[in-house]
Every structure is written in C-alpha cells, then in structure tokens.
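Shown next: work.txt, containing compact mmCIF, C-alpha atoms.
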# COMPACT_ATOMS: atom_id res chain seq x y z
CA MET A 291 0.00 0.00 0.00
CA LYS A 292 2.80 2.41 0.85
CA ARG A 293 4.48 1.85 -2.49
CA ARG A 294 1.16 2.39 -4.26
CA ASP A 295 0.52 5.58 -2.36
CA CYS A 296 4.00 6.75 -3.23
CA LEU A 297 3.44 6.05 -6.91
CA LEU A 298 0.09 7.82 -6.90
CA GLY A 299 1.65 10.76 -5.19
CA LEU A 300 4.44 10.91 -7.74
CA ALA A 301 1.93 10.69 -10.59
CA ALA A 302 -0.12 13.51 -9.13
CA ALA A 303 2.98 15.61 -8.61
CA ALA A 304 4.12 14.93 -12.15
CA ALA A 305 0.71 15.84 -13.52
CA HIS A 306 0.80 19.06 -11.53
CA ARG A 307 4.26 19.92 -12.82
CA LEU A 308 3.18 19.09 -16.34
CA GLY A 309 0.16 21.26 -15.85
CA ALA A 310 2.31 24.10 -14.63
CA ALA A 311 4.70 23.61 -17.53
CA HIS A 312 1.76 23.78 -19.93
CA ASP A 313 0.36 26.99 -18.51
CA ASP A 314 -1.80 25.51 -15.75
CA MET A 315 -3.59 22.85 -17.73
CA GLY A 316 -4.86 19.76 -16.01
CA PRO A 317 -5.72 19.28 -12.35
CA VAL A 318 -6.48 22.40 -10.32
CA ASP A 319 -4.76 21.82 -7.01
CA PRO A 320 -5.86 23.12 -4.62
CA PRO A 321 -9.40 23.41 -6.02
CA LEU A 322 -10.65 26.93 -6.61
CA ALA A 323 -14.08 28.22 -5.69
CA ALA A 324 -16.21 29.39 -8.61
CA PRO A 325 -16.43 33.16 -9.02
CA ASP A 326 -19.45 34.36 -7.05
CA VAL A 327 -21.02 36.68 -9.62
CA LEU A 328 -24.53 37.46 -10.81
CA VAL A 329 -25.42 36.00 -14.20
CA THR A 330 -28.56 35.89 -16.37
CA ASP A 331 -29.48 32.75 -18.25
CA GLN A 332 -31.02 32.22 -21.70
CA ARG A 333 -34.52 32.44 -20.21
CA GLY A 334 -33.78 35.78 -18.59
CA GLN A 335 -33.57 34.33 -15.09
CA ALA A 336 -30.94 35.66 -12.71
CA HIS A 337 -28.60 33.38 -10.77
CA ARG A 338 -25.50 33.60 -8.64
CA LEU A 339 -22.92 31.53 -10.44
CA ARG A 340 -21.57 29.66 -7.41
CA PRO A 341 -24.91 28.13 -6.30
CA LEU A 342 -25.75 27.42 -9.94
CA LEU A 343 -22.78 25.06 -10.14
CA GLU A 344 -23.43 23.27 -6.87
CA GLY A 345 -25.11 19.88 -6.89
CA ARG A 346 -23.81 18.85 -10.30
CA VAL A 347 -20.56 18.49 -12.18
CA THR A 348 -20.20 21.29 -14.70
CA LEU A 349 -18.12 21.94 -17.77
CA VAL A 350 -17.75 25.67 -18.39
CA GLN A 351 -16.70 27.46 -21.56
CA THR A 352 -16.68 31.12 -22.53
CA ILE A 353 -18.21 32.25 -25.81
CA PHE A 354 -20.03 35.14 -27.33
CA THR A 355 -22.99 34.80 -29.60
CA GLY A 356 -21.69 37.17 -32.26
CA CYS A 357 -18.53 35.11 -32.73
CA SER A 358 -18.48 33.25 -36.04
CA SER A 359 -14.96 31.82 -35.91
CA ILE A 360 -13.97 29.86 -32.81
CA CYS A 361 -17.28 29.77 -30.93
CA PRO A 362 -19.07 27.47 -33.40
CA LEU A 363 -16.21 25.02 -32.86
CA GLN A 364 -16.56 25.34 -29.11
CA GLY A 365 -20.29 24.77 -29.42
CA ALA A 366 -19.71 21.70 -31.57
CA LEU A 367 -17.43 20.24 -28.86
CA PHE A 368 -20.11 20.71 -26.22
CA ALA A 369 -22.72 19.25 -28.56
CA GLU A 370 -20.64 16.12 -28.93
CA VAL A 371 -20.06 15.84 -25.19
CA GLN A 372 -23.79 16.31 -24.61
CA GLY A 373 -24.52 13.47 -26.99
CA GLN A 374 -22.17 11.14 -25.14
CA VAL A 375 -23.54 12.13 -21.75
CA LEU A 376 -27.13 11.57 -22.89
CA ALA A 377 -26.20 8.19 -24.35
CA GLN A 378 -24.46 7.08 -21.17
CA PRO A 379 -25.47 9.26 -18.22
CA PRO A 380 -22.93 9.48 -15.38
CA ARG A 381 -23.96 8.77 -11.79
CA GLN A 382 -24.16 12.43 -10.79
CA LYS A 383 -25.99 15.22 -12.58
CA VAL A 384 -23.94 17.15 -15.08
CA LEU A 385 -24.29 20.55 -16.68
CA LEU A 386 -22.72 22.17 -19.71
CA LEU A 387 -22.47 25.91 -19.18
CA SER A 388 -21.59 28.38 -21.93
CA ILE A 389 -20.82 31.80 -20.48
CA GLY A 390 -21.27 34.72 -22.86
CA VAL A 391 -18.63 37.38 -22.42
CA ASP A 392 -20.27 40.05 -24.57
CA VAL A 393 -22.29 41.68 -21.82
CA LEU A 394 -24.12 43.91 -24.32
CA GLY A 395 -24.68 41.53 -27.22
CA ASP A 396 -25.30 38.28 -25.38
CA THR A 397 -28.90 38.95 -24.43
CA PRO A 398 -31.08 36.09 -23.19
CA GLN A 399 -32.64 35.90 -26.63
CA ALA A 400 -29.23 35.74 -28.32
CA LEU A 401 -28.07 33.07 -25.88
CA ALA A 402 -31.23 31.02 -26.48
CA ARG A 403 -30.69 31.29 -30.23
CA TRP A 404 -27.05 30.28 -29.90
CA LEU A 405 -27.94 27.24 -27.82
CA ALA A 406 -30.58 26.23 -30.37
CA ASP A 407 -28.09 26.64 -33.21
CA MET A 408 -25.60 24.43 -31.37
CA GLY A 409 -28.21 21.72 -30.77
CA ALA A 410 -28.30 22.19 -27.02
CA ARG A 411 -30.85 20.21 -25.04
CA MET A 412 -31.94 21.92 -21.86
CA PRO A 413 -31.71 21.62 -18.97
CA ASP A 414 -28.36 19.86 -19.43
CA TRP A 415 -26.81 22.76 -21.36
CA MET A 416 -27.36 26.35 -20.34
CA ALA A 417 -25.96 29.68 -21.35
CA VAL A 418 -25.50 32.68 -19.11
CA VAL A 419 -24.05 36.15 -19.30
CA PRO A 420 -22.57 38.05 -16.34
CA ARG A 421 -23.56 41.55 -15.35
CA ALA A 422 -21.24 44.11 -16.92
CA GLU A 423 -19.62 44.98 -13.59
CA ALA A 424 -18.94 41.29 -12.91
CA LEU A 425 -17.17 40.42 -16.17
CA ALA A 426 -13.67 41.25 -14.95
CA GLN A 427 -14.21 39.27 -11.74
CA LEU A 428 -15.51 36.32 -13.74
CA LYS A 429 -12.54 36.31 -16.11
CA ALA A 430 -10.10 36.66 -13.21
CA GLY A 431 -11.82 33.78 -11.46
CA LEU A 432 -11.36 31.52 -14.46
CA VAL A 433 -7.68 32.47 -14.74
CA ASP A 434 -6.40 31.96 -18.27
CA SER A 435 -3.20 33.85 -18.84
CA ARG A 436 -3.07 32.71 -22.46
CA ALA A 437 -6.51 33.95 -23.43
CA ARG A 438 -6.57 36.40 -26.26
CA THR A 439 -7.20 39.81 -24.77
CA GLN A 440 -7.63 41.84 -27.92
CA GLY A 441 -9.92 41.67 -30.87
CA LEU A 442 -13.45 40.53 -31.27
CA ASP A 443 -12.55 36.98 -30.29
CA ALA A 444 -11.05 38.02 -26.97
CA HIS A 445 -12.07 35.09 -24.83
CA SER A 446 -10.59 31.82 -23.73
CA GLU A 447 -10.91 28.59 -25.66
CA ARG A 448 -10.40 26.48 -22.55
CA VAL A 449 -12.96 24.41 -20.70
CA TRP A 450 -13.09 24.31 -16.91
CA CYS A 451 -14.58 21.49 -14.87
CA PHE A 452 -16.27 22.25 -11.55
CA ASP A 453 -17.23 19.45 -9.17
CA ALA A 454 -20.58 19.12 -7.41
CA ARG A 455 -19.38 21.42 -4.63
CA GLY A 456 -18.77 24.17 -7.16
CA GLN A 457 -15.00 23.84 -6.94
CA MET A 458 -12.80 24.15 -10.05
CA ARG A 459 -11.00 20.83 -10.38
CA TRP A 460 -9.69 20.76 -13.97
CA ARG A 461 -8.85 23.18 -16.75
CA THR A 462 -8.07 22.15 -20.29
CA GLY A 463 -5.92 23.70 -22.95
CA PRO A 464 -7.45 25.60 -25.89
CA LEU A 465 -10.09 23.66 -27.83
CA PRO A 466 -9.78 20.42 -25.88
CA SER A 467 -10.72 17.08 -27.32
CA VAL A 468 -14.12 15.52 -26.77
CA GLY A 469 -12.30 12.58 -25.21
CA GLU A 470 -10.65 14.71 -22.55
CA LEU A 471 -13.92 16.46 -21.72
CA THR A 472 -15.90 13.25 -21.35
CA ARG A 473 -13.15 11.58 -19.31
CA VAL A 474 -12.93 14.53 -16.94
CA LEU A 475 -16.69 14.78 -16.65
CA ARG A 476 -17.08 11.10 -15.88
CA HIS A 477 -14.21 11.15 -13.40
CA PHE A 478 -15.76 13.87 -11.28
CA ALA A 479 -19.35 12.66 -11.81
CA ALA A 480 -18.60 9.06 -10.90
CA MET B 73 -22.51 25.75 -78.99
CA LYS B 74 -20.41 27.74 -76.53
CA ALA B 75 -20.02 30.62 -78.98
CA HIS B 76 -23.79 30.57 -79.55
CA ALA B 77 -24.42 30.70 -75.82
CA ARG B 78 -22.05 33.65 -75.45
CA LEU B 79 -23.87 35.56 -78.21
CA ILE B 80 -27.16 35.00 -76.45
CA ALA B 81 -25.67 36.18 -73.15
CA LEU B 82 -24.25 39.27 -74.84
CA ALA B 83 -27.59 40.01 -76.44
CA GLY B 84 -29.20 39.68 -73.07
CA MET B 85 -26.76 42.18 -71.61
CA LEU B 86 -27.48 44.66 -74.36
CA VAL B 87 -31.23 44.27 -74.04
CA PHE B 88 -31.58 44.14 -70.29
CA GLY B 89 -28.44 46.03 -69.26
CA ALA B 90 -27.51 43.38 -66.69
CA ALA B 91 -24.24 41.43 -66.53
CA PRO B 92 -24.70 37.66 -66.24
CA ALA B 93 -23.52 36.20 -62.93
CA VAL B 94 -20.12 34.53 -63.11
CA ALA B 95 -20.15 31.25 -61.25
CA ASP B 96 -17.03 30.56 -59.20
CA PRO B 97 -17.17 27.21 -57.44
CA GLY B 98 -14.11 28.09 -55.40
CA ARG B 99 -15.71 31.24 -54.09
CA ASP B 100 -18.92 29.36 -53.33
CA LEU B 101 -16.92 26.88 -51.25
CA TYR B 102 -14.91 29.59 -49.50
CA GLU B 103 -17.98 31.61 -48.56
CA GLY B 104 -19.98 28.60 -47.47
CA ARG B 105 -22.68 28.66 -50.14
CA VAL B 106 -21.54 25.14 -50.88
CA PRO B 107 -20.86 23.43 -47.53
CA LEU B 108 -17.60 21.67 -46.76
CA ALA B 109 -17.44 18.52 -44.65
CA ALA B 110 -14.87 18.72 -41.86
CA HIS B 111 -14.05 17.71 -38.32
CA LEU B 112 -11.61 18.95 -35.72
CA ARG B 113 -8.23 17.25 -35.76
CA GLY B 114 -8.34 14.21 -33.52
CA GLU B 115 -12.13 14.02 -33.62
CA THR B 116 -14.39 12.03 -35.89
CA THR B 117 -17.73 13.80 -35.55
CA ARG B 118 -18.40 16.15 -38.40
CA LEU B 119 -18.74 19.81 -37.63
CA PRO B 120 -21.95 21.60 -38.60
CA ALA B 121 -21.79 23.48 -41.89
CA THR B 122 -21.94 26.80 -40.05
CA ALA B 123 -18.63 25.97 -38.39
CA THR B 124 -16.74 24.95 -41.53
CA ARG B 125 -17.06 28.10 -43.64
CA CYS B 126 -13.55 29.20 -44.56
CA ALA B 127 -14.65 32.81 -44.40
CA ASN B 128 -15.62 32.41 -40.72
CA CYS B 129 -11.98 32.58 -39.68
CA HIS B 130 -10.23 34.00 -42.72
CA GLU B 131 -12.38 37.09 -43.27
CA PRO B 132 -13.14 39.93 -40.84
CA ALA B 133 -16.38 39.41 -38.94
CA ALA B 134 -19.32 41.42 -40.24
CA ALA B 135 -19.76 42.90 -36.76
CA ALA B 136 -16.14 44.12 -36.68
CA PRO B 137 -14.88 44.71 -40.21
CA LEU B 138 -11.75 46.55 -39.10
CA GLN B 139 -10.48 43.85 -36.76
CA ALA B 140 -8.08 41.16 -37.97
CA PRO B 141 -9.74 37.76 -38.40
CA LEU B 142 -8.65 34.68 -36.51
CA GLY B 143 -6.83 33.14 -39.45
CA PRO B 144 -4.56 34.62 -42.13
CA ARG B 145 -5.94 36.21 -45.24
CA LEU B 146 -5.85 33.69 -48.06
CA GLU B 147 -4.76 35.18 -51.37
CA ALA B 148 -1.91 35.10 -53.87
CA SER B 149 0.52 37.05 -51.70
CA THR B 150 0.04 34.86 -48.65
CA LEU B 151 -0.28 31.50 -50.36
CA THR B 152 2.13 31.45 -53.29
CA ARG B 153 5.00 33.53 -51.94
CA ALA B 154 7.69 32.11 -49.68
CA VAL B 155 6.81 33.32 -46.19
CA ALA B 156 7.53 31.99 -42.73
CA ARG B 157 4.42 30.31 -41.40
CA HIS B 158 3.49 29.18 -37.90
CA GLY B 159 6.99 29.74 -36.61
CA GLY B 160 8.54 27.54 -39.29
CA PRO B 161 10.92 28.26 -42.19
CA PRO B 162 9.73 30.19 -45.28
CA SER B 163 7.54 28.09 -47.53
CA ARG B 164 5.02 28.58 -50.28
CA HIS B 165 1.90 26.71 -51.21
CA ASP B 166 1.08 24.93 -54.39
CA LEU B 167 -2.05 22.95 -55.18
CA ALA B 168 -0.72 19.78 -53.55
CA SER B 169 0.43 21.44 -50.32
CA PHE B 170 -2.76 23.48 -50.12
CA CYS B 171 -4.91 20.37 -50.32
CA ARG B 172 -2.68 18.65 -47.79
CA ALA B 173 -3.15 21.58 -45.42
CA LEU B 174 -6.91 21.22 -45.72
CA ARG B 175 -6.89 17.44 -45.37
CA GLU B 176 -4.11 16.89 -42.83
CA GLY B 177 -3.61 20.19 -41.06
CA VAL B 178 0.05 20.72 -41.94
CA ASP B 179 1.59 23.64 -43.79
CA PRO B 180 4.16 23.36 -46.65
CA ALA B 181 6.98 23.17 -44.09
CA LEU B 182 5.13 20.35 -42.30
CA VAL B 183 4.33 22.56 -39.32
CA LEU B 184 1.07 21.60 -37.64
CA LEU B 185 -1.69 24.14 -38.07
CA SER B 186 -3.74 25.41 -35.15
CA ARG B 187 -6.30 22.97 -33.80
CA ALA B 188 -8.90 25.59 -34.63
CA MET B 189 -8.27 24.81 -38.31
CA PRO B 190 -10.61 21.93 -39.15
CA VAL B 191 -9.54 18.90 -41.12
CA PHE B 192 -11.56 18.88 -44.33
CA LEU B 193 -13.00 15.94 -46.22
CA ILE B 194 -12.56 17.55 -49.59
CA ASP B 195 -12.19 15.91 -52.98
CA ASP B 196 -9.69 16.89 -55.65
CA THR B 197 -12.19 18.85 -57.73
CA ASP B 198 -13.34 21.05 -54.87
CA CYS B 199 -9.81 21.48 -53.58
CA ARG B 200 -8.60 22.63 -56.97
CA ALA B 201 -11.55 25.03 -57.29
CA LEU B 202 -10.77 26.51 -53.87
CA TRP B 203 -7.07 26.79 -54.68
CA GLU B 204 -7.71 28.46 -58.02
CA TYR B 205 -10.02 31.00 -56.42
CA LEU B 206 -7.77 31.82 -53.47
CA SER B 207 -4.43 31.79 -55.26
CA ALA B 208 -5.76 34.31 -57.75
CA ARG B 209 -7.22 36.70 -55.15
CA GLY B 210 -5.50 40.00 -54.92
CA GLN B 211 -4.03 39.65 -58.36
CA GLN B 212 -7.06 40.23 -60.57
CA ASP B 213 -9.51 42.39 -58.68
CA GLY B 214 -7.17 44.37 -56.44
CA SER B 215 -9.19 43.19 -53.46
CA SER B 216 -6.03 42.75 -51.40
CA PRO B 217 -5.90 45.32 -48.58

Please express what this file holds, its structure, as structure tokens.
Amino acid sequence: MKRRDCLLGLAAAAAHRLGAAHDDMGPVDPPLAAPDVLVTDQRGQAHRLRPLLEGRVTLVQTIFTGCSSICPLQGALFAEVQGQVLAQPPRQKVLLLSIGVDVLGDTPQALARWLADMGARMPDWMAVVPRAEALAQLKAGLVDSRARTQGLDAHSERVWCFDARGQMRWRTGPLPSVGELTRVLRHFAA
Amino acid sequence: MKAHARLIALAGMLVFGAAPAVADPGRDLYEGRVPLAAHLRGETTRLPATATRCANCHEPAAAAPLQAPLGPRLEASTLTRAVARHGGPPSRHDLASFCRALREGVDPALVLLSRAMPVFLIDDTDCRALWEYLSARGQQDGSSP
C-alpha cells in the first residue's frame, strides 16, 4: 500500500508539474471556488454563479454569440459531449455551461438562439451572461493567462470542470478534445 | 454551342443592361454557399456546416470589419510567396500542399496548423476550385488590402 501511495503521489505531482509547464492545464490543485457573480441565463432568469454550479458536475466554456470563428467550434465540442452524456449518463448530474462574455450583445434571446443553433438540449446545457460589472471578476476567477485579450474573439478557448461542490477541479488547454472532456466529466461525476 | 451561348448572353446584356452572374465554385466553397465537410483534428464527428465556412476565420467578422480575423488572409501574396508560417521556415503553397493543409492540417513546411483549423473531407475537384479562387485573389480584382 505504501508503495502504491507513493506512486500515486508521484503521478499527481508529475501531472501538476506538467500542468504548470503547460500553462496551468490539467488538475487544479488546490481546487478553486467558482467566481461568485450574478449571471442571467437564456430564459432571462438571474442566478448567482456559485450556487448554480453546486449539486452537479459542470463543464464551463466562454463564448459570445456574435462570434463566427472559434465559438461554433466550441459549441460543436459541447454538442458532442452532450450526446455522449445523454447516451451514457454518469452517476451524478452534469451541466454544460456556456458563459457569454459580450455583456451587451449576449442577451437572453441571443443566448437562447445560440444554444438552439448548437443543438443544445436543456436543462443539461445552459448559457448565461454576467452583469457588466462582474465580467472582470468572472474572467479573473477563471484564470487563463493565455486567453486572447484583444480583438473581437477576446475570450478563452479552454474548458473548466467544476465538481458538485462548485470547486474548479480541472482546466483544459485551448479547444480540448471531446475525449478529454468526457473523461474529466465522468471522473468527477462518478 | 459555346459561342452561340455567349452571343445570347451578350444580347441579353445589351437588351436588359444586366451582366450575367459569373459562377465561381471556389468562391462558393470559401464563402460557405456550398458546404464543406470537416471535423476537428483528432475528432471524428463532423462539424456543422456553419462551423466549416472558410470565411468564418479568414475574413473579418461582419460585426467588426476593421479587426483582424482569426486566421490569415488567403490570397496570392500569402499562399504562393515564400513566407515563414506558424513559426517555421519560409515556404510557399502549391495545389498539392494546399490540399494537404486542408486534409491533414500541416503547412508546406510540415508545421502543424492550429487545432482551430478543421480537417476537411474535400475531394480533388473542390480542392482545386478553392485553390484556383484563393491563389488568384489580390491579383485580378485588387481586393487585397
């Protein structure tokens, strides 16, 4: 048992170092609390983000509905993950959450349209937009030093995984694979 | 028969004062009027047609026409001249390397393209049409910025 524990510890340490070497990809250790900001969903309902994530394992991405380049690809990734989750539901509830970062353009109607265009099936896939004053806090809370900060497509292409306690446990690189997303989701929703 | 058809078209122009539309299959593919099948590298599920339009990433967004698009502009000067791409040595495209870039996601210097560039399931006819359209851009119509 001691040798096994030692090996597991080494593997975790190696993964952490690899994550650090690859700009904080991989396990988030220690886990980070979700930003506690006000958001509005595609139905126009207001939520606080932290309680919204609690009780289910959530994959989070940032998009904006006016984006025609990278965001359709991000939506397609979530659509594929949704299909796999629906085909083989994990033990715990899961949620796909697309956060719009265009606080003016990403109205509830635009978010609803974007979800429909991506083939989202509610309630397993939601879209929200933060209040204007909360956008900076939200972006800081997600922590992506490599995100593009200029231009119309100024948002991250990563996906973050939050466990059922609303703690960030995993962050991917840009445009992760469907395989990584489903493995991470199933690991934390087991 | 072709000469006859041209005379009829010319007569039509003179009578109706309208120029006949010039079909360009390469342009239709580039702008998404004819959809392209593609998937992300490493994936197998096909992307929706809305996500595979070349112009999505290689043209400025309609909402922000002055901002640089995600991908490089595709025209004669960027495709057929020797330029350093993706951090690699200078290289230029020809038809074969262009089609390889679309199908395998590598540039002429064998540097891997961004994962955001889909891998296209494109046949030789469509690939040639796309190449002929793009490699002539900026030379004929002065559309290069």

Provide as a tab-separated table (two decimals) with C-alpha atoms, in the coordinates of the input the residues of chain A at most 12 Å from chain B, counting all atoms listed in the file.
chain	number	residue	atom	x	y	z
A	355	THR	CA	-22.99	34.80	-29.60
A	356	GLY	CA	-21.69	37.17	-32.26
A	357	CYS	CA	-18.53	35.11	-32.73
A	358	SER	CA	-18.48	33.25	-36.04
A	359	SER	CA	-14.96	31.82	-35.91
A	360	ILE	CA	-13.97	29.86	-32.81
A	361	CYS	CA	-17.28	29.77	-30.93
A	362	PRO	CA	-19.07	27.47	-33.40
A	363	LEU	CA	-16.21	25.02	-32.86
A	364	GLN	CA	-16.56	25.34	-29.11
A	365	GLY	CA	-20.29	24.77	-29.42
A	366	ALA	CA	-19.71	21.70	-31.57
A	367	LEU	CA	-17.43	20.24	-28.86
A	368	PHE	CA	-20.11	20.71	-26.22
A	369	ALA	CA	-22.72	19.25	-28.56
A	370	GLU	CA	-20.64	16.12	-28.93
A	371	VAL	CA	-20.06	15.84	-25.19
A	373	GLY	CA	-24.52	13.47	-26.99
A	374	GLN	CA	-22.17	11.14	-25.14
A	395	GLY	CA	-24.68	41.53	-27.22
A	404	TRP	CA	-27.05	30.28	-29.90
A	407	ASP	CA	-28.09	26.64	-33.21
A	408	MET	CA	-25.60	24.43	-31.37
A	409	GLY	CA	-28.21	21.72	-30.77
A	438	ARG	CA	-6.57	36.40	-26.26
A	440	GLN	CA	-7.63	41.84	-27.92
A	441	GLY	CA	-9.92	41.67	-30.87
A	442	LEU	CA	-13.45	40.53	-31.27
A	443	ASP	CA	-12.55	36.98	-30.29
A	444	ALA	CA	-11.05	38.02	-26.97
A	447	GLU	CA	-10.91	28.59	-25.66
A	463	GLY	CA	-5.92	23.70	-22.95
A	464	PRO	CA	-7.45	25.60	-25.89
A	465	LEU	CA	-10.09	23.66	-27.83
A	466	PRO	CA	-9.78	20.42	-25.88
A	467	SER	CA	-10.72	17.08	-27.32
A	468	VAL	CA	-14.12	15.52	-26.77
A	469	GLY	CA	-12.30	12.58	-25.21
A	470	GLU	CA	-10.65	14.71	-22.55

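What separates CA of Val327 in chain A from CA of Val347 in chain A is a distance of 18.4 Å.
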
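Here CA of Gly210 in chain B stands at a distance of 11.6 Å from CA of Thr152 in chain B.
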
Neighbour list for range 155-169 of chain B as a PyMOL selection string, cut-off 9 Å, all atoms listed in the file, skip fewer than 6 positions in-chain: chain B and resi 178-186+199-200+203-204+207

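The two atoms in question, CA of Asp392 in chain A and CA of His445 in chain A, are spaced 9.6 Å apart.
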
Within 10 Å of Leu322 in chain A, counting all atoms listed in the file, which residues show up once you throw out same-chain ones fewer than 2 positions away? Write them as a PDB file with C-alpha atoms, in the frame of the given file, please.
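This went into selection-v4.pdb:
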ATOM      1  CA  VAL A 318      -6.480  22.400 -10.320  1.00  0.00           C
ATOM      2  CA  ASP A 319      -4.760  21.820  -7.010  1.00  0.00           C
ATOM      3  CA  PRO A 320      -5.860  23.120  -4.620  1.00  0.00           C
ATOM      4  CA  ALA A 324     -16.210  29.390  -8.610  1.00  0.00           C
ATOM      5  CA  PRO A 325     -16.430  33.160  -9.020  1.00  0.00           C
ATOM      6  CA  GLY A 431     -11.820  33.780 -11.460  1.00  0.00           C
ATOM      7  CA  LEU A 432     -11.360  31.520 -14.460  1.00  0.00           C
ATOM      8  CA  PHE A 452     -16.270  22.250 -11.550  1.00  0.00           C
ATOM      9  CA  GLY A 456     -18.770  24.170  -7.160  1.00  0.00           C
ATOM     10  CA  GLN A 457     -15.000  23.840  -6.940  1.00  0.00           C
ATOM     11  CA  MET A 458     -12.800  24.150 -10.050  1.00  0.00           C
ATOM     12  CA  ARG A 459     -11.000  20.830 -10.380  1.00  0.00           C
ATOM     13  CA  TRP A 460      -9.690  20.760 -13.970  1.00  0.00           C
TER      14      TRP A 460
END

Quick one: of A:Ala426, A:Asp331, A:Arg346, A:Pro317, who's nearest to Gln399 in chain A, counting only C-alpha atoms? A:Asp331

Enclose all atoms of range 400-406 of chain A listed in the file in an axis-aligned box, grow every side by 8 Å, and hand back centre and edge lengths in Å to one decimal, as lines of an AutoDock Vina configuration file.
center_x = -29.1
center_y = 31.0
center_z = -28.1
size_x = 20.2
size_y = 25.5
size_z = 20.5

Neighbour list for Arg209 in chain B as number ranges by chain, cut-off 12 Å, only C-alpha atoms, skip fewer than 6 positions in-chain: B: 98-99, 102, 145-152, 202-203, 215-217

Counting all atoms listed in the file, the residue of B:Ala154, B:Ala110, B:Leu206, B:Ala95 that sits nearest Gly177 in chain B: B:Ala110

Closest to Arg473 in chain A among A:Val350, A:Val375, A:Leu328, A:Ala400, using all atoms listed in the file?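 Ranking A:Val350, A:Val375, A:Leu328, A:Ala400 by distance to Arg473 in chain A, first place goes to A:Val375.
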